[in-house]
>>> print(open('my_file02.json').read())   # JSON, C-alpha atoms and all ligand atoms
[["chain", "number", "residue", "atom", "x", "y", "z"],
["A", 18, "MET", "CA", 36.36, -32.25, 20.18],
["A", 19, "LYS", "CA", 35.49, -32.04, 16.48],
["A", 20, "PHE", "CA", 31.83, -32.74, 17.38],
["A", 21, "VAL", "CA", 31.72, -29.63, 19.59],
["A", 22, "TRP", "CA", 32.91, -27.45, 16.69],
["A", 23, "VAL", "CA", 30.27, -28.91, 14.37],
["A", 24, "LEU", "CA", 27.61, -28.25, 17.02],
["A", 25, "LEU", "CA", 28.79, -24.63, 17.42],
["A", 26, "VAL", "CA", 28.70, -24.07, 13.64],
["A", 27, "VAL", "CA", 25.15, -25.50, 13.44],
["A", 28, "LEU", "CA", 23.97, -23.35, 16.37],
["A", 29, "ALA", "CA", 25.55, -20.25, 14.80],
["A", 30, "GLY", "CA", 23.82, -21.06, 11.51],
["A", 31, "VAL", "CA", 20.44, -21.46, 13.22],
["A", 32, "TRP", "CA", 20.97, -18.19, 15.13],
["A", 33, "LEU", "CA", 21.84, -16.31, 11.92],
["A", 34, "TRP", "CA", 18.81, -17.86, 10.11],
["A", 35, "ARG", "CA", 16.44, -16.88, 12.92],
["A", 36, "SER", "CA", 17.81, -13.33, 13.22],
["A", 37, "SER", "CA", 17.45, -12.83, 9.44],
["A", 38, "ARG", "CA", 13.85, -14.14, 9.58],
["A", 39, "GLN", "CA", 13.00, -11.72, 12.41],
["A", 40, "SER", "CA", 14.22, -8.78, 10.32],
["A", 41, "ASP", "CA", 11.96, -9.71, 7.38],
["A", 42, "PRO", "CA", 8.71, -8.21, 8.77],
["A", 43, "ARG", "CA", 10.54, -4.95, 9.52],
["A", 44, "LEU", "CA", 11.82, -4.80, 5.95],
["A", 45, "HIS", "CA", 8.30, -5.57, 4.68],
["A", 46, "ARG", "CA", 6.88, -2.69, 6.71],
["A", 47, "GLU", "CA", 9.51, -0.33, 5.27],
["A", 48, "ASN", "CA", 8.45, -1.35, 1.76],
["A", 49, "GLU", "CA", 4.79, -0.63, 2.60],
["A", 50, "ALA", "CA", 5.73, 2.82, 3.90],
["A", 51, "VAL", "CA", 7.28, 3.61, 0.50],
["A", 52, "GLU", "CA", 3.96, 2.93, -1.28],
["A", 53, "PRO", "CA", 1.85, 6.03, -2.03],
["A", 54, "PRO", "CA", -1.06, 6.68, 0.35],
["A", 55, "PRO", "CA", -4.53, 5.57, -0.84],
["A", 56, "LEU", "CA", -6.57, 8.14, -2.74],
["A", 57, "ASP", "CA", -9.49, 9.91, -1.03],
["A", 58, "MET", "CA", -12.96, 8.60, -1.79],
["A", 59, "VAL", "CA", -15.20, 11.30, -3.25],
["A", 60, "ARG", "CA", -18.86, 11.37, -4.33],
["A", 61, "CYS", "CA", -20.14, 12.24, -7.78],
["A", 62, "THR", "CA", -22.19, 15.45, -7.51],
["A", 63, "LEU", "CA", -24.63, 14.21, -10.17],
["A", 64, "CYS", "CA", -25.20, 10.48, -9.54],
["A", 65, "SER", "CA", -23.83, 10.16, -5.95],
["A", 66, "VAL", "CA", -21.51, 7.28, -6.87],
["A", 67, "HIS", "CA", -18.41, 7.01, -4.64],
["A", 68, "PHE", "CA", -15.04, 6.60, -6.35],
["A", 69, "PRO", "CA", -11.32, 7.36, -5.74],
["A", 70, "SER", "CA", -10.55, 11.00, -6.51],
["A", 71, "GLY", "CA", -7.90, 9.86, -9.02],
["A", 72, "ASP", "CA", -10.58, 8.17, -11.19],
["A", 73, "GLY", "CA", -12.95, 11.14, -11.39],
["A", 74, "VAL", "CA", -13.13, 14.62, -12.85],
["A", 75, "GLN", "CA", -13.18, 17.75, -10.68],
["A", 76, "GLY", "CA", -15.61, 20.48, -11.67],
["A", 77, "ASN", "CA", -16.62, 23.85, -10.22],
["A", 78, "LYS", "CA", -19.37, 22.33, -8.02],
["A", 79, "GLY", "CA", -17.41, 19.26, -6.90],
["A", 80, "TRP", "CA", -16.28, 15.86, -8.14],
["A", 81, "TYR", "CA", -17.84, 13.87, -10.96],
["A", 82, "CYS", "CA", -17.41, 10.20, -11.86],
["A", 83, "SER", "CA", -16.89, 11.05, -15.54],
["A", 84, "ALA", "CA", -16.49, 14.01, -17.90],
["A", 85, "ASP", "CA", -20.00, 13.27, -19.20],
["A", 86, "HIS", "CA", -21.56, 13.84, -15.77],
["A", 87, "ARG", "CA", -19.56, 17.05, -15.33],
["A", 88, "GLN", "CA", -20.87, 18.37, -18.64],
["A", 89, "ARG", "CA", -24.46, 17.46, -17.69],
["A", 90, "ALA", "CA", -24.18, 19.15, -14.25],
["A", 91, "GLU", "CA", -22.14, 22.15, -15.45],
["A", 92, "PRO", "CA", -23.15, 22.92, -19.04],
["B", 101, "ZN", "ZN", -21.71, 10.40, -11.86]]
>>> encode(input="my_file02.json", output="structure tokens")
Amino acid sequence: MKFVWVLLVVLAGVWLWRSSRQSDPRLHRENEAVEPPPLDMVRCTLCSVHFPSGDGVQGNKGWYCSADHRQRAEP
């Protein structure tokens, strides 16, 4: 009779381990949803280089890859 109880405890442990493993991908997806969305890719008006909008400088005529290019295009 003691063997049956040990078997039940082992089966319950395996069931709990598997159910916790199945919930891991869901938790991982929730963490990804918290991350900020990727920045838009924009093109430098002067040299046509593509870069994330967060890395560039915005001018009156559009985006520029650097403040130097903005000054050259919009003196
Ligand atoms: Zn440029």
>>> residues_near_ligand(input="my_file02.json", ligand="ligand ZN 101 (chain B)", cutoff="10 Å", atoms="all atoms listed in the file", output="ChimeraX atom specification")
/A:60-68,73-74,80-87,89-90
>>> write_last_selection(input="my_file02.json", atoms="C-alpha atoms", output="CSV table (one decimal), in the frame of the given file")
chain,number,residue,atom,x,y,z
A,60,ARG,CA,-18.9,11.4,-4.3
A,61,CYS,CA,-20.1,12.2,-7.8
A,62,THR,CA,-22.2,15.4,-7.5
A,63,LEU,CA,-24.6,14.2,-10.2
A,64,CYS,CA,-25.2,10.5,-9.5
A,65,SER,CA,-23.8,10.2,-6.0
A,66,VAL,CA,-21.5,7.3,-6.9
A,67,HIS,CA,-18.4,7.0,-4.6
A,68,PHE,CA,-15.0,6.6,-6.4
A,73,GLY,CA,-13.0,11.1,-11.4
A,74,VAL,CA,-13.1,14.6,-12.8
A,80,TRP,CA,-16.3,15.9,-8.1
A,81,TYR,CA,-17.8,13.9,-11.0
A,82,CYS,CA,-17.4,10.2,-11.9
A,83,SER,CA,-16.9,11.0,-15.5
A,84,ALA,CA,-16.5,14.0,-17.9
A,85,ASP,CA,-20.0,13.3,-19.2
A,86,HIS,CA,-21.6,13.8,-15.8
A,87,ARG,CA,-19.6,17.0,-15.3
A,89,ARG,CA,-24.5,17.5,-17.7
A,90,ALA,CA,-24.2,19.2,-14.2
>>> atom_distance(input="my_file02.json", atom1="CA of Phe20 (chain A)", atom2="CA of Leu33 (chain A)")
20.0 Å
>>> atom_distance(input="my_file02.json", atom1="CA of Val21 (chain A)", atom2="CA of Gln39 (chain A)")
26.9 Å
>>> atom_distance(input="my_file02.json", atom1="CA of Pro55 (chain A)", atom2="CA of Gly76 (chain A)")
21.5 Å
>>> closest_residue(input="my_file02.json", among="A:Gln88, A:Gly71, A:Val26, A:Met18", to="Asp57 (chain A)", atoms="only C-alpha atoms")
A:Gly71
>>> decode(input="my_file02.json", residues="region 55-67 of chain A", atoms="C-alpha atoms", output="PDB file, in the first residue's frame")
ATOM      1  CA  PRO A  55      10.870  48.625 -32.577  1.00  0.00           C
ATOM      2  CA  LEU A  56      11.644  52.080 -33.940  1.00  0.00           C
ATOM      3  CA  ASP A  57      10.625  53.020 -37.493  1.00  0.00           C
ATOM      4  CA  MET A  58      13.333  52.864 -40.138  1.00  0.00           C
ATOM      5  CA  VAL A  59      13.800  56.217 -41.873  1.00  0.00           C
ATOM      6  CA  ARG A  60      16.048  57.406 -44.721  1.00  0.00           C
ATOM      7  CA  CYS A  61      18.575  60.212 -44.530  1.00  0.00           C
ATOM      8  CA  THR A  62      17.427  62.997 -46.875  1.00  0.00           C
ATOM      9  CA  LEU A  63      21.038  63.803 -47.805  1.00  0.00           C
ATOM     10  CA  CYS A  64      22.901  60.479 -48.135  1.00  0.00           C
ATOM     11  CA  SER A  65      19.931  58.031 -48.364  1.00  0.00           C
ATOM     12  CA  VAL A  66      21.244  55.829 -45.542  1.00  0.00           C
ATOM     13  CA  HIS A  67      18.513  53.933 -43.658  1.00  0.00           C
TER      14      HIS A  67
END
